[in-house]
Amino acid sequence: MAKHLLTTSVGSFPKPGKLITARSQFRRGQISLEQLQQAEEEATRQVIALQEELGIDIFVHGEMERGDMVAYFAENWQGFSESLPVRSYGNRYYRKPIVENVVALGDSVGLTVKSWQKASQMTNKPVKGMLTGPYTICDWSFNAYYPDRRSLVMDLAHLVHEEAVALENAGAQYIQIDEPAISTRPEELDLAIEAMAIVTKGLRAKTISHICYGDFETILPGLFDLPVDQLDLEAANQHFALLDLLGRYRWPKSKELALGVVDVHTHRIESVDEVKAGIRRALEIVPLDNLLIDPDCGLKTRTWEEAEQKLRVMAQAVQEVREEDGLQ
Amino acid sequence: MKTTVMGSYPKIPAGSGPNVRSAIQRFEKGLLTPSQLFDTYSQVIGRVVDLAAEAQLDRTTDGQIRWYDLFDPVVRDLDNVQSAGLIRLFDNNFYVRHPLITGRLQYQGGTLAAWSREAAKRSPVPVKVALPGLFTFLELAEDKSYANQDALLADLIDVMRLTVKHLEDTGIVELQWDEPALARNATLSQNQVEEAYRALLDPGISLEQSIALYWGKSSPWLERLSALPFSRIYFDAISDPSILDVLSQTALPMDVGVGLLDARNVRLEEPREVLHHLEPIIRRQGASKVWIHPNCGLEFLPPDRAEQKVRLLKDIKTLINA
């Protein structure tokens with residue numbers, strides 16, 4: 001009997017203090033690239049160990065080598081430069097990429113493969129290959145070169161596809177292509193879908209797209225046409241109001257839902273009971289076989305302790321639902 | 001022709017200098033006292049208003065440097081409203097704490113007036129304050145208390161009138177209502193919007209009141225809003241270039257703000273190109289009634305480009321006057 005309510009994480013984990021120090025030392029030229037990579041590997045090992053301990057089913061590597069989900073690709077691909085920091089909320093800032101020329105992979109073909117391989121070697125559990133979608137890379141960059149958004153998104157789609165193929169060739173069974181910007185312009189949903197079709201074309205791996213802080217009301221049911229096997233959506237942040245919206249539609253048989261059950265932007269640790277209540281509401285809308293459970297988004301903005309506690313609550317809630325409902 | 005900015009400004013400098021980001025980090029580690037953090041905010045506000053003076057702006061904000069986000073001072077000044085979870089600010093990769101309404105709105109005041117007084121006292125340039133407009137507030141707020149939206153809107157108008165009244169003696173000269181929600185949604189009831197703003201705009205108030213439509217199309221609202229006693233309407237000609245033709249053909253009874261600098265893209269505009277767009281509008285509206293500005297707050301830009309865009313306003317003004 002297949003295991004039900006598989007658990008996973010969305011992408012990033014908080015960077016341990018030693019890695020934060022190593023990153024700033026590297027920026028100042030005080031340590032070598034090899035030393036930085038050693039610190040990243042050590043941090044990845046911590047991420048894998050925590051997921052093992054909590055009994056998570058599908059792992060992430062924690063993105064210890066990335067500062068930001070868009071900037072990481074822009075730093076390594078051609079055609080981008082980097083701005084001074086721009087605020088995204090509170091006291092969080094990121095260096096927003098500037099597209100200044102034709103975007104290209106350059107020497108960075110298979111950019112994400114190495115970190116995926118290293119993490120995979122640390123566990124027997126499947127580890128997701130993590131990419132950022134072309135629509136979001138375009139939307140979260142300043143476009144100072146392309147004549148319009150469409151031409152930039154399409155060029156980016158081909159680059160992300162190359163990266164997805166490299167991950168699949170390396171053995172990744174799950175490839176996640178994050179598109180949190182997809183709901184920002186409902187009139188461009190078709191463009192995002194067209195671009196994702198390029199990214200996932202011919203892939204045999206299970207494909208996932210994570211979307212958070214979305215105005216889902218404006219893009220449903222069109223979002224169901226996004227050519228991926230699994231939609232990974234945040235719900236806890238809005239007290240599971242997403243489920244009321246999803247309940248208006250028949251959940252597509254061919255798609256899985258990974259449901260976010262803990263809010264990653266609050267210090268408060270959810271109770272097991274409130275997470276269980278969210279899972280049970282989801283089960284009224286999405287068939288059991290199609291439902292996975294995870295946090296709302298990447299955990300990098302939490303402290304390590306908060307991230308651990310939130311994942312622990314999630315894992316316990318899932319386990320209790322499984323036991324109470326006689327599921328594996 | 002006059003120049004202004006719209007609302008927020010980066011809280012960090014392009015180079016060295018007072019920096020809210022690092023001050024908060026140091027404060028959270030216990031390395032700064034509350035007074036030192038407060039002083040950093042004051043210094044950064046000083047930098048913003050000094051830049052406005054250098055760029056010879058005719059009106060400025062304080063950059064909203066003390067504000068967590070657009071809703072922050074409103075939430076602080078109202079009872080039964082809290083800052084809740086993060087929510088995306090329309091189509092930006094920028095997130096705000098959405099207001100959570102837990103009971104009937106009550107005005108307590110204090111914070112915004114104090115912040116405004118500080119800015120007006122510090123600034124060599126006349127200061128305005130930009131607040132979330134009625135419909136932008138309603139769109140992003142979460143209501144856990146009111147039985148219906150009409151009752152909530154009526155109370156919101158009432159507490160916002162009190163907010164304006166308490167800003168009268170602070171030294172600021174203008175209250176700007178930011179309404180991206182209107183620009184993005186032409187299907188809202190035109191009657192309801194007109195009636196709400198007619199109720200909000202108290203003729204007994206000495207402050208100028210204006211409305212800013214950005215991140216969408218403003219043409220659908222032009223007729224109704226231009227019939228209201230606003231001192232000016234700010235338009236976003238980057239998101240909606242068609243407004244340029246409209247303003248070249250239709251004279252409005254109030255001042256007109258033309259947002260021709262893109263505050264969401266680092267590309268720097270050519271002053272001559274801006275002038276090309278402005279000339280027919282100036283001819284139609286009259287030079288003394290036209291204001292030029294970025295299409296929205298400048299905090300969506302890195303600090304170097306934000307500063308360059310402010311200085312660009314001076315170049316454009318010089319070119320026009322020449």
# chains A, B, ... in the order shown; residues from 1 in each chain; ligands from 1
call {"tool": "interface_residues", "arguments": {"of": "chain A", "to": "chain B", "cutoff": "7 Å", "atoms": "only C-alpha atoms", "output": "NGL selection string"}}
result
:A and (83-86 or 88-91 or 140 or 142 or 144 or 184-185 or 213 or 237)
call {"tool": "select_by_dssp", "arguments": {"residues": "segment 39-268 of chain A", "states": "alpha helix (DSSP H)", "output": "JSON, numbers by chain"}}
result
{"A": [39, 40, 41, 42, 43, 44, 45, 46, 47, 48, 49, 50, 51, 52, 53, 54, 71, 72, 73, 74, 75, 76, 113, 114, 115, 116, 117, 118, 119, 120, 134, 135, 136, 137, 138, 139, 149, 150, 151, 152, 153, 154, 155, 156, 157, 158, 159, 160, 161, 162, 163, 164, 165, 166, 167, 168, 169, 170, 189, 190, 191, 192, 193, 194, 195, 196, 197, 198, 199, 200, 241, 242, 243, 244, 245, 246]}
call {"tool": "select_by_dssp", "arguments": {"residues": "segment 79-326 of chain A", "states": "strand (DSSP E)", "output": "PyMOL selection string"}}
result
chain A and resi 79-89+92-104+129-132+142-143+174-178+206-211+230-233+256-260+291-294
call {"tool": "closest_residue", "arguments": {"among": "B:Leu312, B:Met1, B:Ala183, B:Leu228", "to": "Val256 of chain B", "atoms": "only C-alpha atoms"}}
result
B:Met1
call {"tool": "closest_residue", "arguments": {"among": "A:Gln38, A:Gly214, A:Asn124, A:Ala43", "to": "Trp304 of chain A", "atoms": "only C-alpha atoms"}}
result
A:Ala43
call {"tool": "residues_around", "arguments": {"residues": "Ala258 of chain A", "least_positions_apart": "2", "cutoff": "8 Å", "atoms": "only C-alpha atoms", "output": "count of residues only"}}
result
10
call {"tool": "residues_around", "arguments": {"residues": "Glu65 of chain A", "least_positions_apart": "2", "cutoff": "7 Å", "atoms": "only C-alpha atoms", "output": "count of residues only"}}
result
3
call {"tool": "residues_around", "arguments": {"residues": "segment 209-216 of chain B", "least_positions_apart": "2", "cutoff": "7 Å", "atoms": "only C-alpha atoms", "output": "short mmCIF file (atom, residue, chain, number, x, y, z; two decimals) with all heavy atoms, in the first residue's frame"}}
result
data_model
loop_
_atom_site.label_atom_id
_atom_site.label_comp_id
_atom_site.auth_asym_id
_atom_site.auth_seq_id
_atom_site.Cartn_x
_atom_site.Cartn_y
_atom_site.Cartn_z
N GLU B 174 -0.08 68.85 2.14
CA GLU B 174 -0.93 68.05 1.24
C GLU B 174 -1.08 66.63 1.76
O GLU B 174 -0.14 66.06 2.33
CB GLU B 174 -0.27 68.00 -0.16
CG GLU B 174 -1.02 67.16 -1.18
CD GLU B 174 -0.28 67.07 -2.51
OE1 GLU B 174 0.62 67.91 -2.77
OE2 GLU B 174 -0.60 66.16 -3.30
N LEU B 175 -2.26 66.10 1.56
CA LEU B 175 -2.53 64.69 1.86
C LEU B 175 -2.86 64.00 0.55
O LEU B 175 -3.81 64.38 -0.13
CB LEU B 175 -3.71 64.61 2.85
CG LEU B 175 -3.98 63.32 3.61
CD1 LEU B 175 -4.42 62.21 2.71
CD2 LEU B 175 -2.76 62.88 4.41
N GLN B 176 -2.05 63.02 0.20
CA GLN B 176 -2.23 62.32 -1.08
C GLN B 176 -2.82 60.93 -0.83
O GLN B 176 -2.25 60.14 -0.10
CB GLN B 176 -0.86 62.20 -1.75
CG GLN B 176 -0.80 61.33 -2.99
CD GLN B 176 0.63 61.14 -3.45
OE1 GLN B 176 1.37 62.11 -3.64
NE2 GLN B 176 1.06 59.90 -3.61
N TRP B 177 -3.96 60.66 -1.43
CA TRP B 177 -4.59 59.34 -1.28
C TRP B 177 -4.12 58.43 -2.41
O TRP B 177 -4.39 58.70 -3.58
CB TRP B 177 -6.12 59.47 -1.30
CG TRP B 177 -6.65 60.33 -0.19
CD1 TRP B 177 -7.10 61.61 -0.27
CD2 TRP B 177 -6.75 59.96 1.20
NE1 TRP B 177 -7.47 62.07 0.97
CE2 TRP B 177 -7.27 61.08 1.89
CE3 TRP B 177 -6.44 58.81 1.93
CZ2 TRP B 177 -7.51 61.08 3.27
CZ3 TRP B 177 -6.67 58.80 3.30
CH2 TRP B 177 -7.20 59.92 3.95
N ASP B 178 -3.42 57.37 -2.05
CA ASP B 178 -2.89 56.44 -3.07
C ASP B 178 -3.94 55.39 -3.40
O ASP B 178 -4.39 54.66 -2.51
CB ASP B 178 -1.62 55.75 -2.53
CG ASP B 178 -0.40 56.65 -2.62
OD1 ASP B 178 -0.57 57.86 -2.89
OD2 ASP B 178 0.72 56.15 -2.41
N GLU B 179 -4.30 55.31 -4.67
CA GLU B 179 -5.36 54.38 -5.06
C GLU B 179 -4.99 53.46 -6.22
O GLU B 179 -5.65 53.43 -7.26
CB GLU B 179 -6.63 55.17 -5.43
CG GLU B 179 -7.46 55.65 -4.25
CD GLU B 179 -8.19 54.53 -3.49
OE1 GLU B 179 -7.78 53.36 -3.59
OE2 GLU B 179 -9.15 54.85 -2.78
N PRO B 180 -3.93 52.66 -6.04
CA PRO B 180 -3.67 51.66 -7.09
C PRO B 180 -4.85 50.72 -7.29
O PRO B 180 -5.07 50.23 -8.40
CB PRO B 180 -2.43 50.92 -6.58
CG PRO B 180 -2.31 51.25 -5.14
CD PRO B 180 -2.94 52.59 -4.96
N LEU B 182 -7.94 51.38 -7.49
CA LEU B 182 -8.86 51.93 -8.50
C LEU B 182 -8.26 51.77 -9.90
O LEU B 182 -8.95 51.39 -10.84
CB LEU B 182 -9.15 53.40 -8.23
CG LEU B 182 -9.93 53.75 -6.96
CD1 LEU B 182 -10.27 55.24 -6.96
CD2 LEU B 182 -11.20 52.93 -6.84
N ALA B 183 -6.97 52.08 -10.01
CA ALA B 183 -6.34 52.00 -11.33
C ALA B 183 -6.34 50.57 -11.86
O ALA B 183 -6.36 50.35 -13.07
CB ALA B 183 -4.91 52.54 -11.26
N ARG B 184 -6.33 49.62 -10.96
CA ARG B 184 -6.26 48.22 -11.39
C ARG B 184 -7.64 47.59 -11.56
O ARG B 184 -7.75 46.45 -12.00
CB ARG B 184 -5.45 47.41 -10.36
CG ARG B 184 -4.00 47.83 -10.33
CD ARG B 184 -3.27 47.12 -9.23
NE ARG B 184 -3.31 45.68 -9.41
CZ ARG B 184 -2.45 45.01 -10.17
NH1 ARG B 184 -1.50 45.63 -10.80
NH2 ARG B 184 -2.54 43.70 -10.30
N LEU B 207 -5.85 71.65 4.43
CA LEU B 207 -4.85 70.88 3.69
C LEU B 207 -5.32 70.61 2.26
O LEU B 207 -6.51 70.32 2.05
CB LEU B 207 -4.68 69.50 4.34
CG LEU B 207 -3.76 69.33 5.52
CD1 LEU B 207 -3.76 67.87 5.93
CD2 LEU B 207 -2.37 69.76 5.14
N SER B 218 -5.98 54.73 -15.57
CA SER B 218 -6.69 55.77 -14.82
C SER B 218 -7.82 56.42 -15.64
O SER B 218 -8.72 57.02 -15.06
CB SER B 218 -5.72 56.84 -14.34
OG SER B 218 -4.74 57.08 -15.29
N PHE B 230 -10.62 67.57 -5.37
CA PHE B 230 -9.20 67.30 -5.17
C PHE B 230 -8.39 68.49 -5.67
O PHE B 230 -8.76 69.14 -6.65
CB PHE B 230 -8.76 66.07 -5.98
CG PHE B 230 -9.25 64.76 -5.42
CD1 PHE B 230 -10.12 63.97 -6.15
CD2 PHE B 230 -8.83 64.31 -4.18
CE1 PHE B 230 -10.57 62.76 -5.65
CE2 PHE B 230 -9.27 63.10 -3.67
CZ PHE B 230 -10.14 62.32 -4.40
N SER B 231 -7.25 68.74 -5.04
CA SER B 231 -6.36 69.80 -5.53
C SER B 231 -5.63 69.34 -6.78
O SER B 231 -5.28 70.16 -7.64
CB SER B 231 -5.32 70.15 -4.46
OG SER B 231 -5.97 70.62 -3.32
N ARG B 232 -5.34 68.06 -6.84
CA ARG B 232 -4.71 67.52 -8.05
C ARG B 232 -4.93 66.02 -8.13
O ARG B 232 -5.21 65.35 -7.13
CB ARG B 232 -3.23 67.86 -8.15
CG ARG B 232 -2.27 67.15 -7.22
CD ARG B 232 -0.88 67.78 -7.29
NE ARG B 232 -0.97 69.22 -7.07
CZ ARG B 232 -1.07 69.77 -5.86
NH1 ARG B 232 -1.07 69.02 -4.77
NH2 ARG B 232 -1.19 71.07 -5.73
N ILE B 233 -4.79 65.51 -9.35
CA ILE B 233 -4.81 64.06 -9.58
C ILE B 233 -3.46 63.68 -10.18
O ILE B 233 -3.01 64.30 -11.14
CB ILE B 233 -5.94 63.63 -10.54
CG1 ILE B 233 -7.29 64.13 -10.03
CG2 ILE B 233 -5.96 62.11 -10.69
CD1 ILE B 233 -8.47 63.80 -10.96
N TYR B 234 -2.82 62.68 -9.58
CA TYR B 234 -1.55 62.17 -10.11
C TYR B 234 -1.83 60.94 -10.97
O TYR B 234 -2.51 60.01 -10.52
CB TYR B 234 -0.61 61.77 -8.96
CG TYR B 234 -0.18 62.92 -8.07
CD1 TYR B 234 -0.75 63.08 -6.81
CD2 TYR B 234 0.81 63.81 -8.47
CE1 TYR B 234 -0.35 64.12 -5.98
CE2 TYR B 234 1.22 64.85 -7.63
CZ TYR B 234 0.63 65.00 -6.39
OH TYR B 234 1.04 66.02 -5.56
N PHE B 235 -1.29 60.94 -12.18
CA PHE B 235 -1.50 59.83 -13.10
C PHE B 235 -0.19 59.08 -13.35
O PHE B 235 0.89 59.67 -13.30
CB PHE B 235 -2.04 60.35 -14.44
CG PHE B 235 -3.38 61.02 -14.34
CD1 PHE B 235 -3.46 62.41 -14.26
CD2 PHE B 235 -4.54 60.27 -14.31
CE1 PHE B 235 -4.70 63.04 -14.17
CE2 PHE B 235 -5.78 60.90 -14.21
CZ PHE B 235 -5.86 62.29 -14.14
N ASP B 236 -0.32 57.80 -13.66
CA ASP B 236 0.83 56.95 -13.96
C ASP B 236 0.88 56.74 -15.47
O ASP B 236 0.16 55.89 -16.01
CB ASP B 236 0.67 55.62 -13.20
CG ASP B 236 1.71 54.58 -13.58
OD1 ASP B 236 2.56 54.85 -14.43
OD2 ASP B 236 1.65 53.47 -13.00
N SER B 239 2.45 52.98 -16.63
CA SER B 239 1.54 51.83 -16.74
C SER B 239 0.45 52.08 -17.77
O SER B 239 -0.09 51.14 -18.34
CB SER B 239 0.89 51.55 -15.39
OG SER B 239 1.84 51.37 -14.40
N ASP B 240 0.09 53.34 -17.96
CA ASP B 240 -1.04 53.66 -18.83
C ASP B 240 -0.66 54.86 -19.73
O ASP B 240 -1.10 55.99 -19.49
CB ASP B 240 -2.26 54.01 -17.96
CG ASP B 240 -3.47 54.40 -18.79
OD1 ASP B 240 -3.50 54.09 -20.00
OD2 ASP B 240 -4.39 55.02 -18.22
N ASN B 295 6.24 57.50 -11.33
CA ASN B 295 4.86 56.99 -11.37
C ASN B 295 4.39 56.44 -10.03
O ASN B 295 3.20 56.30 -9.80
CB ASN B 295 4.71 55.93 -12.48
CG ASN B 295 5.58 54.71 -12.27
OD1 ASN B 295 6.66 54.80 -11.69
ND2 ASN B 295 5.13 53.58 -12.75
N CYS B 296 5.31 56.12 -9.12
CA CYS B 296 4.92 55.63 -7.78
C CYS B 296 6.10 55.89 -6.84
O CYS B 296 7.07 56.55 -7.22
CB CYS B 296 4.56 54.14 -7.84
SG CYS B 296 5.89 53.08 -8.39
#
call {"tool": "residues_around", "arguments": {"residues": "Ala164 of chain A", "least_positions_apart": "4", "cutoff": "10 Å", "atoms": "only C-alpha atoms", "output": "count of residues only"}}
result
23
call {"tool": "atom_distance", "arguments": {"atom1": "atom CA of Thr8 of chain A", "atom2": "atom CA of Pro295 of chain A"}}
result
8.0 Å
call {"tool": "residues_around", "arguments": {"residues": "Ser8 of chain B", "least_positions_apart": "2", "cutoff": "8 Å", "atoms": "only C-alpha atoms", "output": "number ranges by chain"}}
result
B: 6, 10, 61-65, 297-299
call {"tool": "closest_residue", "arguments": {"among": "A:Ser183, A:Ser141, A:Gln117, A:Thr218", "to": "Gly171 of chain A", "atoms": "only C-alpha atoms"}}
result
A:Gln117
call {"tool": "atom_distance", "arguments": {"atom1": "atom CA of Glu223 of chain B", "atom2": "atom CA of Leu162 of chain B"}}
result
27.3 Å
call {"tool": "atom_distance", "arguments": {"atom1": "atom CA of Asp315 of chain B", "atom2": "atom CA of Gln56 of chain B"}}
result
10.0 Å
